[in-house]
$ cat upload-v1.cif   # mmCIF, C-alpha atoms and all ligand atoms
data_protein
#
loop_
_atom_site.label_atom_id
_atom_site.label_comp_id
_atom_site.auth_asym_id
_atom_site.auth_seq_id
_atom_site.Cartn_x
_atom_site.Cartn_y
_atom_site.Cartn_z
CA MET A 2 86.25 75.81 122.07
CA ARG A 3 86.04 73.68 118.93
CA ALA A 4 89.27 72.29 117.56
CA VAL A 5 90.58 73.68 114.28
CA ARG A 6 91.14 71.32 111.37
CA THR A 7 94.88 71.42 110.68
CA SER A 8 94.91 68.86 107.89
CA MET A 9 93.15 71.04 105.33
CA LYS A 10 94.87 71.52 101.97
CA THR A 11 95.83 75.17 101.52
CA GLU A 12 95.78 76.55 97.97
CA LEU A 13 98.05 79.53 97.28
CA ILE A 14 96.77 81.16 94.09
CA PRO A 15 98.36 84.17 92.32
CA ILE A 16 95.90 86.95 91.50
CA ASP A 17 96.44 90.20 89.60
CA SER A 18 96.62 92.95 92.20
CA LEU A 19 95.31 95.76 89.98
CA HIS A 20 92.80 93.84 87.83
CA PRO A 21 91.89 90.73 89.82
CA GLU A 22 90.60 87.82 87.70
CA GLN A 23 86.84 87.56 88.31
CA ALA A 24 86.92 83.73 88.33
CA LEU A 25 89.32 83.77 91.28
CA ILE A 26 87.29 86.39 93.13
CA ASP A 27 84.18 84.25 92.57
CA GLN A 28 85.99 81.14 93.86
CA ALA A 29 87.02 83.00 97.04
CA ALA A 30 83.56 84.54 97.48
CA ALA A 31 81.98 81.06 97.17
CA LEU A 32 84.13 79.82 100.04
CA LEU A 33 83.06 82.80 102.15
CA ARG A 34 79.41 82.27 101.20
CA ALA A 35 79.70 78.67 102.38
CA GLY A 36 80.79 79.97 105.82
CA GLY A 37 84.53 79.46 105.27
CA VAL A 38 87.59 81.67 105.61
CA VAL A 39 89.95 83.06 102.96
CA VAL A 40 93.28 84.91 103.15
CA PHE A 41 93.28 88.01 100.93
CA PRO A 42 95.57 91.00 100.36
CA THR A 43 94.90 94.52 101.60
CA GLU A 44 97.12 97.56 101.12
CA THR A 45 98.35 97.23 104.73
CA VAL A 46 98.84 93.50 105.47
CA TYR A 47 97.12 90.26 104.41
CA GLY A 48 93.80 89.59 106.15
CA LEU A 49 92.05 86.37 107.19
CA GLY A 50 88.44 87.01 106.21
CA ALA A 51 84.98 85.60 106.85
CA ASP A 52 81.44 86.92 106.30
CA ALA A 53 81.17 89.50 109.09
CA LEU A 54 77.44 88.98 109.57
CA ARG A 55 77.65 85.23 110.28
CA ALA A 56 78.86 84.31 113.75
CA GLN A 57 79.79 80.72 112.85
CA ALA A 58 81.93 81.84 109.94
CA VAL A 59 83.68 84.43 112.11
CA GLU A 60 84.39 81.80 114.76
CA ARG A 61 86.56 80.01 112.18
CA ILE A 62 88.86 83.05 112.02
CA PHE A 63 89.60 82.83 115.74
CA LEU A 64 90.19 79.08 115.53
CA ALA A 65 92.52 79.28 112.52
CA LYS A 66 94.64 81.99 114.18
CA ASP A 67 94.50 80.64 117.75
CA ARG A 68 93.25 84.12 118.59
CA PRO A 69 91.48 84.65 121.94
CA PHE A 70 87.81 85.56 121.59
CA SER A 71 88.48 88.66 123.73
CA ASP A 72 90.25 90.41 120.81
CA PRO A 73 87.74 92.12 118.48
CA LEU A 74 87.99 92.13 114.66
CA ILE A 75 87.88 94.83 111.99
CA VAL A 76 84.93 94.76 109.57
CA HIS A 77 85.92 95.59 105.98
CA ILE A 78 83.47 97.31 103.64
CA ALA A 79 83.50 98.36 99.97
CA SER A 80 80.96 101.17 100.17
CA ALA A 81 80.05 103.68 102.90
CA ASP A 82 76.41 102.50 102.50
CA ALA A 83 77.35 99.43 104.55
CA LEU A 84 77.67 101.70 107.60
CA LYS A 85 73.86 101.76 107.76
CA ILE A 86 73.78 98.16 108.96
CA LEU A 87 77.06 98.18 110.91
CA THR A 88 76.34 101.12 113.20
CA THR A 89 73.33 102.49 115.07
CA GLU A 90 74.39 106.12 114.73
CA MET A 91 76.91 108.21 112.82
CA PRO A 92 79.27 109.70 115.44
CA PRO A 93 80.73 113.18 114.85
CA TYR A 94 83.56 113.18 112.27
CA LEU A 95 82.62 109.78 110.81
CA GLU A 96 81.46 111.19 107.49
CA LEU A 97 84.30 113.68 107.34
CA LEU A 98 86.99 111.06 108.02
CA ALA A 99 85.44 108.43 105.76
CA GLY A 100 85.26 111.04 102.99
CA MET A 101 88.90 112.03 103.46
CA PHE A 102 90.60 108.70 104.16
CA TRP A 103 88.48 105.88 102.70
CA PRO A 104 89.32 103.73 100.92
CA GLY A 105 92.57 103.50 102.88
CA PRO A 106 94.40 102.37 106.02
CA LEU A 107 92.12 104.00 108.62
CA THR A 108 89.87 101.94 110.92
CA LEU A 109 87.09 103.81 112.72
CA ILE A 110 85.49 102.61 115.96
CA VAL A 111 81.74 103.32 115.92
CA PRO A 112 78.68 102.14 117.90
CA ARG A 113 77.85 98.52 117.01
CA GLY A 114 74.75 97.89 114.88
CA LEU A 115 72.44 95.08 115.97
CA GLN A 116 73.21 92.92 112.93
CA VAL A 117 76.90 92.69 113.85
CA PRO A 118 77.42 89.41 115.75
CA ARG A 119 78.92 89.85 119.22
CA ILE A 120 81.78 87.49 118.38
CA VAL A 121 83.08 90.12 115.91
CA THR A 122 83.37 92.80 118.60
CA ALA A 123 84.34 90.52 121.50
CA GLY A 124 81.13 91.58 123.23
CA LEU A 125 81.87 95.33 122.96
CA ASP A 126 79.14 97.82 122.04
CA THR A 127 81.43 99.30 119.43
CA VAL A 128 82.66 97.93 116.11
CA ALA A 129 85.82 98.64 114.10
CA VAL A 130 85.14 99.44 110.41
CA ARG A 131 87.44 100.17 107.51
CA MET A 132 87.28 100.42 103.73
CA PRO A 133 90.53 99.01 102.31
CA ARG A 134 91.86 100.39 99.04
CA HIS A 135 93.32 97.16 97.62
CA PRO A 136 91.43 96.18 94.43
CA VAL A 137 91.38 92.48 95.44
CA ALA A 138 89.90 93.23 98.87
CA LEU A 139 87.27 95.54 97.37
CA ALA A 140 86.35 93.04 94.64
CA LEU A 141 85.98 90.24 97.20
CA ILE A 142 83.70 92.27 99.50
CA ARG A 143 81.55 93.25 96.49
CA ALA A 144 81.36 89.68 95.17
CA LEU A 145 80.29 88.37 98.60
CA GLY A 146 77.75 91.17 98.96
CA SER A 147 78.43 91.36 102.68
CA PRO A 148 81.11 93.00 104.86
CA ILE A 149 84.18 90.88 105.63
CA ALA A 150 85.55 90.57 109.17
CA ALA A 151 89.31 90.12 109.03
CA PRO A 152 92.26 90.32 111.37
CA SER A 153 95.81 90.12 110.05
CA ALA A 154 96.45 86.64 108.60
CA ASN A 155 99.13 85.53 111.07
CA ARG A 156 99.05 83.13 114.01
CA PHE A 157 98.17 85.01 117.22
CA LYS A 158 101.08 87.13 118.52
CA HIS A 159 103.19 86.57 115.40
CA VAL A 160 104.22 89.39 113.07
CA SER A 161 101.55 90.45 110.54
CA PRO A 162 102.03 89.03 107.00
CA THR A 163 102.98 91.42 104.20
CA THR A 164 103.27 88.65 101.59
CA ALA A 165 101.12 85.61 100.82
CA GLN A 166 104.12 83.42 101.71
CA HIS A 167 104.15 84.88 105.24
CA ALA A 168 100.47 83.99 105.61
CA TYR A 169 101.15 80.51 104.21
CA ALA A 170 103.96 79.96 106.72
CA ASP A 171 101.56 80.70 109.59
CA LEU A 172 98.28 79.23 108.32
CA ASN A 173 99.17 76.33 106.01
CA GLY A 174 96.73 73.49 106.75
CA ARG A 175 94.35 75.86 108.59
CA VAL A 176 92.76 77.76 105.68
CA PRO A 177 91.58 76.54 102.28
CA LEU A 178 92.71 79.49 100.11
CA ILE A 179 95.30 82.27 100.07
CA LEU A 180 95.03 84.87 97.28
CA ASP A 181 98.57 85.97 96.41
CA ALA A 182 98.77 89.53 95.05
CA GLY A 183 102.42 90.07 96.00
CA GLN A 184 103.80 92.40 98.60
CA CYS A 185 101.53 94.79 100.52
CA GLU A 186 102.13 98.44 99.74
CA VAL A 187 101.88 100.02 103.22
CA GLY A 188 103.33 97.17 105.29
CA VAL A 189 101.98 98.16 108.72
CA GLU A 190 98.37 97.70 109.80
CA SER A 191 95.70 100.42 109.62
CA THR A 192 95.49 103.24 112.15
CA VAL A 193 92.69 102.48 114.63
CA LEU A 194 90.80 105.65 115.64
CA ASP A 195 88.15 105.56 118.36
CA LEU A 196 85.21 107.84 117.52
CA CYS A 197 83.23 106.74 120.59
CA SER A 198 85.47 108.35 123.21
CA ASP A 199 85.09 112.03 124.29
CA VAL A 200 87.93 113.06 121.98
CA PRO A 201 88.80 111.02 118.85
CA THR A 202 91.65 108.81 120.08
CA ILE A 203 94.22 106.76 118.20
CA LEU A 204 94.28 103.28 119.75
CA ARG A 205 96.88 101.97 117.29
CA PRO A 206 99.08 104.13 115.05
CA GLY A 207 99.26 102.70 111.54
CA GLY A 208 99.11 103.38 107.83
CA THR A 209 97.32 106.75 108.16
CA SER A 210 99.71 109.17 109.87
CA LEU A 211 98.95 111.22 112.98
CA GLU A 212 99.92 114.34 111.00
CA ALA A 213 97.34 113.56 108.28
CA LEU A 214 94.63 113.07 110.92
CA GLN A 215 95.64 116.24 112.77
CA ALA A 216 95.25 118.24 109.57
CA VAL A 217 91.55 117.30 109.61
CA LEU A 218 90.98 116.89 113.37
CA PRO A 219 93.39 119.14 115.32
CA ASP A 220 92.22 117.66 118.65
CA VAL A 221 92.90 114.01 117.81
CA ARG A 222 94.60 112.30 120.75
CA TYR A 223 97.26 109.61 120.75
CA ALA A 224 97.86 107.82 124.02
CA PRO A 225 100.50 105.09 123.62
CA HIS A 226 99.75 101.90 125.52
CA HIS A 227 103.27 100.57 125.67
CA LYS A 228 103.44 100.71 129.39
CA LEU A 229 100.56 98.27 129.82
CA ASP A 230 102.01 95.05 131.09
CA GLN A 231 100.61 91.63 130.46
CA GLU A 232 99.23 91.26 133.97
CA ASP A 233 97.05 94.31 133.36
CA VAL A 234 95.93 93.02 130.01
CA ARG A 235 94.97 89.65 131.43
CA ASN A 236 92.65 91.53 133.70
CA GLU A 237 89.19 91.44 132.10
CA MET A 238 88.46 95.15 132.61
CA GLU A 239 91.71 96.27 131.06
CA ALA A 240 91.30 93.94 128.11
CA GLN A 241 87.92 95.53 127.39
CA ARG A 242 89.27 99.09 127.68
CA ALA A 243 92.19 98.51 125.37
CA PRO A 244 91.55 95.38 123.33
CA GLY A 245 94.47 94.18 121.26
CA GLN A 246 96.90 96.40 123.08
CA LEU A 247 98.99 93.60 124.53
CA LEU A 248 102.52 94.90 124.82
CA THR A 249 103.95 91.83 123.14
CA HIS A 250 101.25 91.65 120.46
CA TYR A 251 103.75 91.94 117.62
CA ALA A 252 106.52 89.93 119.22
CA PRO A 253 108.71 87.97 116.85
CA ALA A 254 109.54 84.48 118.07
CA ILE A 255 113.00 85.64 119.12
CA PRO A 256 114.08 88.47 121.47
CA LEU A 257 114.54 91.91 119.94
CA ILE A 258 116.66 94.66 121.48
CA LEU A 259 115.83 98.18 120.33
CA TYR A 260 118.57 100.85 120.28
CA GLU A 261 117.89 104.55 120.65
CA GLY A 262 120.03 107.70 120.43
CA SER A 263 122.07 109.31 117.66
CA ALA A 264 122.77 107.21 114.54
CA GLU A 265 126.41 106.99 115.57
CA ALA A 266 125.61 105.90 119.13
CA MET A 267 123.11 103.26 117.92
CA ARG A 268 125.63 101.84 115.44
CA SER A 269 128.49 101.54 117.88
CA ALA A 270 126.28 100.06 120.63
CA MET A 271 124.78 97.51 118.20
CA LEU A 272 128.19 96.55 116.78
CA ALA A 273 129.66 96.12 120.26
CA GLU A 274 126.73 93.98 121.40
CA ALA A 275 126.85 91.87 118.21
CA ARG A 276 130.57 91.23 118.75
CA ARG A 277 130.10 90.36 122.42
CA ARG A 278 127.30 87.90 121.69
CA GLN A 279 129.07 86.31 118.73
CA GLU A 280 132.12 85.69 120.89
CA SER A 281 129.92 83.58 123.11
CA GLY A 282 128.64 81.65 120.07
CA GLU A 283 125.28 83.37 119.57
CA ARG A 284 123.78 83.82 116.10
CA VAL A 285 122.99 87.55 115.90
CA GLY A 286 120.73 89.41 113.47
CA ALA A 287 120.69 93.18 112.96
CA LEU A 288 117.94 95.36 111.49
CA ILE A 289 119.60 98.48 110.15
CA ALA A 290 119.01 101.35 107.70
CA ASP A 291 120.83 101.81 104.38
CA GLU A 292 122.88 104.58 105.99
CA ASP A 293 124.25 102.08 108.54
CA ALA A 294 125.46 99.57 105.95
CA PRO A 295 129.09 100.81 105.64
CA ALA A 296 129.57 100.63 109.42
CA PHE A 297 128.26 97.02 109.44
CA ALA A 298 130.34 95.88 106.45
CA GLU A 299 132.87 94.09 108.64
CA SER A 300 130.33 92.68 111.11
CA ASN A 301 129.57 88.95 111.08
CA ALA A 302 125.99 89.53 112.19
CA ILE A 303 123.21 88.67 109.71
CA ILE A 304 122.28 92.11 108.43
CA HIS A 305 118.92 93.17 107.02
CA SER A 306 118.34 96.77 105.91
CA LEU A 307 114.85 98.26 106.16
CA GLY A 308 115.67 101.02 103.63
CA ALA A 309 116.60 104.68 104.05
CA ALA A 310 116.11 105.95 107.62
CA THR A 311 114.87 109.20 106.08
CA ALA A 312 112.01 107.39 104.23
CA PRO A 313 109.52 106.11 106.85
CA GLU A 314 107.22 104.67 104.14
CA GLN A 315 110.05 102.43 102.95
CA VAL A 316 110.86 101.30 106.48
CA ALA A 317 107.18 100.59 107.25
CA ALA A 318 106.81 98.59 104.03
CA SER A 319 109.79 96.33 104.83
CA LEU A 320 109.61 96.07 108.63
CA PHE A 321 107.57 92.87 109.06
CA ALA A 322 109.36 91.10 106.19
CA GLY A 323 112.66 92.05 107.84
CA LEU A 324 111.62 90.57 111.18
CA ARG A 325 110.49 87.37 109.49
CA ALA A 326 113.65 87.12 107.36
CA LEU A 327 115.86 87.21 110.45
CA GLU A 328 113.59 84.72 112.21
CA MET A 329 113.92 82.38 109.20
CA ALA A 330 117.69 82.83 109.18
CA GLY A 331 117.70 81.23 112.63
CA VAL A 332 119.13 84.13 114.62
CA GLU A 333 118.85 83.91 118.41
CA VAL A 334 118.55 87.66 118.97
CA ILE A 335 117.68 90.68 116.81
CA LEU A 336 119.44 94.01 117.40
CA CYS A 337 117.44 96.84 115.83
CA ARG A 338 118.00 100.56 115.40
CA SER A 339 115.11 102.95 115.95
CA PHE A 340 113.66 105.39 113.45
CA ALA A 341 112.21 108.90 113.73
CA ALA A 342 108.55 108.82 114.80
CA SER A 343 107.19 111.16 112.12
CA GLY A 344 104.71 110.04 109.43
CA LEU A 345 104.53 106.23 109.24
CA GLY A 346 107.56 106.24 111.57
CA LEU A 347 105.12 106.44 114.51
CA ALA A 348 103.64 103.06 113.57
CA VAL A 349 107.13 101.63 113.00
CA ARG A 350 108.17 102.82 116.45
CA ASP A 351 105.02 101.36 118.04
CA ARG A 352 105.61 97.91 116.46
CA LEU A 353 109.30 97.93 117.41
CA LEU A 354 108.55 98.88 121.02
CA ARG A 355 106.05 96.04 121.21
CA ALA A 356 108.50 93.60 119.64
CA ALA A 357 111.21 94.75 122.06
CA SER A 358 108.92 94.55 125.08
CA GLU A 359 111.15 95.90 127.90
CA ARG A 360 114.45 95.64 126.02
CA VAL A 361 115.19 99.20 124.92
CA ILE A 362 118.77 100.51 125.07
CA ALA A 363 119.46 104.24 125.15
CA GLY A 364 122.53 104.21 122.86
CA ASP A 365 124.08 107.42 124.23
CA ARG A 366 123.99 106.21 127.80
CA GLY A 367 124.23 102.48 127.17
CA ASP A 368 121.60 101.58 129.74
CA VAL A 369 118.32 99.73 129.45
CA CYS A 370 115.28 101.95 130.02
O1 LIG B 401 95.37 96.93 108.43
C1 LIG B 401 94.65 96.29 109.21
O2 LIG B 401 94.01 96.85 110.11
C2 LIG B 401 94.59 94.77 109.03
C3 LIG B 401 93.98 94.47 107.68
C4 LIG B 401 93.74 93.01 107.48
O3 LIG B 401 92.79 95.21 107.53
N1 LIG B 401 93.84 94.17 110.08
C5 LIG B 401 94.29 94.08 111.35
O4 LIG B 401 93.43 93.43 112.21
O5 LIG B 401 95.38 94.50 111.71
P1 LIG B 401 93.84 92.93 113.66
O6 LIG B 401 92.68 92.14 114.15
O7 LIG B 401 95.13 92.26 113.59
O8 LIG B 401 93.89 94.25 114.50
C6 LIG B 401 92.70 94.94 114.79
C7 LIG B 401 92.89 95.89 115.94
C8 LIG B 401 93.14 95.12 117.21
O9 LIG B 401 94.14 95.79 117.97
C9 LIG B 401 91.78 95.19 117.89
O10 LIG B 401 91.87 95.07 119.27
C10 LIG B 401 91.30 96.56 117.47
O11 LIG B 401 91.70 96.65 116.12
N2 LIG B 401 89.83 96.65 117.57
C11 LIG B 401 88.91 95.97 116.86
N3 LIG B 401 87.66 96.27 117.27
C12 LIG B 401 87.79 97.18 118.25
C13 LIG B 401 86.86 97.89 119.07
N4 LIG B 401 85.55 97.73 118.95
N5 LIG B 401 87.36 98.76 119.99
C14 LIG B 401 88.71 98.94 120.11
N6 LIG B 401 89.64 98.29 119.36
C15 LIG B 401 89.18 97.43 118.45
MG MG B 402 96.87 91.44 114.04
#

$ encode --input "upload-v1.cif" --output "structure tokens"
Amino acid sequence: MRAVRTSMKTELIPIDSLHPEQALIDQAAALLRAGGVVVFPTETVYGLGADALRAQAVERIFLAKDRPFSDPLIVHIASADALKILTTEMPPYLELLAGMFWPGPLTLIVPRGLQVPRIVTAGLDTVAVRMPRHPVALALIRALGSPIAAPSANRFKHVSPTTAQHAYADLNGRVPLILDAGQCEVGVESTVLDLCSDVPTILRPGGTSLEALQAVLPDVRYAPHHKLDQEDVRNEMEAQRAPGQLLTHYAPAIPLILYEGSAEAMRSAMLAEARRRQESGERVGALIADEDAPAFAESNAIIHSLGAATAPEQVAASLFAGLRALEMAGVEVILCRSFAASGLGLAVRDRLLRAASERVIAGDRGDVC
């Protein structure tokens, strides 16, 4: 593997998120045309993009992120016409789903077209495609005149960036340009839906809810992969079957303990654990909901609220920033409540289970499951 240049100067440039300045789009597109990488906003999280049809440009993405070449990328398009070159055939439901959900946070897995370099798909015969709805992302793809391959713009295994500053913290010195359009609206990554399996299957819950997909495709299947352990994933076969499904994929740099049960049970278990750890000198962080704030008023833990527990969109939008804020505050452990799994709550739950790895506490019983 080639070494990545880590001495590069990284420019962080503000751009209007609704009406992006054409000069800035052209500057970013020129970098991509020269085979480089650029960080740009999407409605879900920031992406680290390169021209999807040029293998050498795409290689730079993997090097900048320290991402293993076994983890395939999503190809971003600005018009459904691009499907003609990205896929060899239109699987059932592709047109229907693209019509309903694009542009938006839905990634569809389709058969790989011959022009898509193998490095993009990690050697798979399928390719992940999505049309983002962020005006900056769409303008950039159009200005380049080619699809853009882009994973989330974080270092491998770190939390996805929902602000340009998050991306800067991870990739400073590794990318030439970050377009800063402020905070991402959705806050969790796109839903990945496999259209090449017998039944359309959600491989990653995300910004398009299961309920919204079920309204169009009643048979859509969701098979959580949380029980995969890292040994399995290291196994070549397993990695090919479920790429990117590493249990600890979204792990923050510090341990996270996830609490389950009634709101009351979660609160008292978290408060008791915070007190116990603080007595032994640990710096404790807690991710809570607005409703929990009164109960935590007296706690000395560093508290971060993710919004109203009854508003999953709010929680999704602030989740990754909350994890990073506690990381930055220097806590040694994060105690986190869980949220209902409806709507975007399913994606929130998926990311929290991954971040918690095995550390889930059933609040009503007090034991680790
Ligand atoms: O919202 C998003 O999806 C963001 C923005 C930038 O678009 N992108 C993103 O990319 O989250 P990344 O690379 O962090 O996650 C892509 C996921 C990975 O879990 C990867 O394994 C999966 O999509 N994936 C990509 N190609 C695949 C394929 N051919 N088959 C199965 N899974 C695939
Ligand atoms: Mg990612």

$ residues_near_ligand --input "upload-v1.cif" --ligand "ligand MG 402 (chain B)" --cutoff "9 Å" --atoms "all atoms listed in the file" --output "NGL selection string"
:A and (48 or 74 or 152-161 or 190 or 245 or 250-251)

$ closest_residue --input "upload-v1.cif" --among "A:Val121, A:Ile303, A:Ala79, A:Ala275" --to "ligand LIG 401 (chain B)" --atoms "all atoms listed in the file"
A:Val121

$ residues_around --input "upload-v1.cif" --residues "Pro256 (chain A)" --least-positions-apart "2" --cutoff "7 Å" --atoms "all atoms listed in the file" --output "MDAnalysis selection string"
chainID A and resid 254 258 334:335 357

$ closest_atom_pairs --input "upload-v1.cif" --of "chain A" --to "ligand LIG 401 (chain B)" --cutoff "8 Å" --atoms "all atoms listed in the file" --output "CSV"
residue,atom,partner,partner_atom,distance
A:Pro42,CA,B:LIG401,C4,7.6
A:Thr43,CA,B:LIG401,C3,6.1
A:Glu44,CA,B:LIG401,O1,7.5
A:Thr45,CA,B:LIG401,O1,4.8
A:Val46,CA,B:LIG401,C3,5.4
A:Tyr47,CA,B:LIG401,C4,5.3
A:Gly48,CA,B:LIG401,C4,3.7
A:Leu49,CA,B:LIG401,C4,6.9
A:Asp72,CA,B:LIG401,O10,5.2
A:Pro73,CA,B:LIG401,N3,4.3
A:Leu74,CA,B:LIG401,C11,4.5
A:Ile75,CA,B:LIG401,C11,5.1
A:His77,CA,B:LIG401,O3,7.1
A:Pro106,CA,B:LIG401,O1,6.0
A:Leu107,CA,B:LIG401,O2,7.5
A:Thr108,CA,B:LIG401,O2,6.6
A:Ile110,CA,B:LIG401,N4,5.7
A:Val111,CA,B:LIG401,N4,7.4
A:Arg113,CA,B:LIG401,N4,8.0
A:Val121,CA,B:LIG401,N3,7.8
A:Thr122,CA,B:LIG401,N4,5.4
A:Ala123,CA,B:LIG401,N4,7.7
A:Leu125,CA,B:LIG401,N4,5.9
A:Asp126,CA,B:LIG401,N4,7.1
A:Thr127,CA,B:LIG401,N4,4.4
A:Val128,CA,B:LIG401,N4,4.1
A:Ala129,CA,B:LIG401,N3,4.4
A:Val130,CA,B:LIG401,N3,8.0
A:Arg131,CA,B:LIG401,O3,7.3
A:Pro133,CA,B:LIG401,O3,6.8
A:Ala151,CA,B:LIG401,C4,5.5
A:Pro152,CA,B:LIG401,O6,3.3
A:Ser153,CA,B:LIG401,O7,4.2
A:Ala154,CA,B:LIG401,C4,7.0
A:Ser161,CA,B:LIG401,O7,7.3
A:Val189,CA,B:LIG401,O1,6.7
A:Glu190,CA,B:LIG401,O1,3.4
A:Ser191,CA,B:LIG401,O1,3.7
A:Thr192,CA,B:LIG401,O2,6.9
A:Val193,CA,B:LIG401,O11,6.1
A:Asp195,CA,B:LIG401,C14,6.9
A:Leu204,CA,B:LIG401,N6,6.8
A:Arg205,CA,B:LIG401,O9,6.8
A:Gly207,CA,B:LIG401,O1,7.6
A:Gly208,CA,B:LIG401,O1,7.5
A:Arg242,CA,B:LIG401,C14,7.6
A:Ala243,CA,B:LIG401,C14,6.3
A:Pro244,CA,B:LIG401,O10,4.1
A:Gly245,CA,B:LIG401,O10,3.4
A:Gln246,CA,B:LIG401,O9,5.8

$ atom_distance --input "upload-v1.cif" --atom1 "CA of Thr311 (chain A)" --atom2 "CA of Gly346 (chain A)"
9.6 Å

$ residues_around --input "upload-v1.cif" --residues "Pro206 (chain A)" --least-positions-apart "4" --cutoff "9 Å" --atoms "only C-alpha atoms" --output "PyMOL selection string"
chain A and resi 190-194+210-211+223+225+345+347-349+351

$ write_last_selection --input "upload-v1.cif" --atoms "C-alpha atoms" --output "tab-separated table (two decimals), in the coordinates of the input"
chain	number	residue	atom	x	y	z
A	190	GLU	CA	98.37	97.70	109.80
A	191	SER	CA	95.70	100.42	109.62
A	192	THR	CA	95.49	103.24	112.15
A	193	VAL	CA	92.69	102.48	114.63
A	194	LEU	CA	90.80	105.65	115.64
A	210	SER	CA	99.71	109.17	109.87
A	211	LEU	CA	98.95	111.22	112.98
A	223	TYR	CA	97.26	109.61	120.75
A	225	PRO	CA	100.50	105.09	123.62
A	345	LEU	CA	104.53	106.23	109.24
A	347	LEU	CA	105.12	106.44	114.51
A	348	ALA	CA	103.64	103.06	113.57
A	349	VAL	CA	107.13	101.63	113.00
A	351	ASP	CA	105.02	101.36	118.04

$ closest_residue --input "upload-v1.cif" --among "A:Pro93, A:Gly308, A:Pro177, A:Gly105" --to "Gly37 (chain A)" --atoms "all atoms listed in the file"
A:Pro177

$ atom_distance --input "upload-v1.cif" --atom1 "CA of Arg352 (chain A)" --atom2 "CA of Leu97 (chain A)"
28.0 Å

$ atom_distance --input "upload-v1.cif" --atom1 "CA of Ala150 (chain A)" --atom2 "CA of Ala51 (chain A)"
5.5 Å

$ closest_residue --input "upload-v1.cif" --among "A:Ser80, A:Ser306, A:Gln215, A:Ser319" --to "Leu139 (chain A)" --atoms "only C-alpha atoms"
A:Ser80

$ residues_near_point --input "upload-v1.cif" --point "(116.9, 108.2, 108.4)" --cutoff "12 Å" --atoms "only C-alpha atoms" --output "ChimeraX atom specification"
/A:263-265,289-293,306-316,338-343,346

$ closest_residue --input "upload-v1.cif" --among "A:Arg55, A:Lys66, A:Arg350, A:Arg134" --to "Gly174 (chain A)" --atoms "only C-alpha atoms"
A:Lys66

$ closest_residue --input "upload-v1.cif" --among "A:Ser18, A:Ser8, A:Thr164, A:Ser358" --to "Ala140 (chain A)" --atoms "only C-alpha atoms"
A:Ser18

$ closest_residue --input "upload-v1.cif" --among "A:Val217, A:Ala144, A:Ala58, A:Ala99" --to "Ala29 (chain A)" --atoms "only C-alpha atoms"
A:Ala144

$ axis_aligned_box --input "upload-v1.cif" --around "region 329-348 of chain A" --padding-each-side "4 Å" --output "AutoDock Vina command-line options"
--center_x 111.5 --center_y 96.2 --center_z 114.1 --size_x 23.8 --size_y 37.9 --size_z 17.8

$ residues_around --input "upload-v1.cif" --residues "Ile86 (chain A)" --least-positions-apart "3" --cutoff "7 Å" --atoms "all atoms listed in the file" --output "list in words"
Ala83, Gly114 and Gln116 of chain A
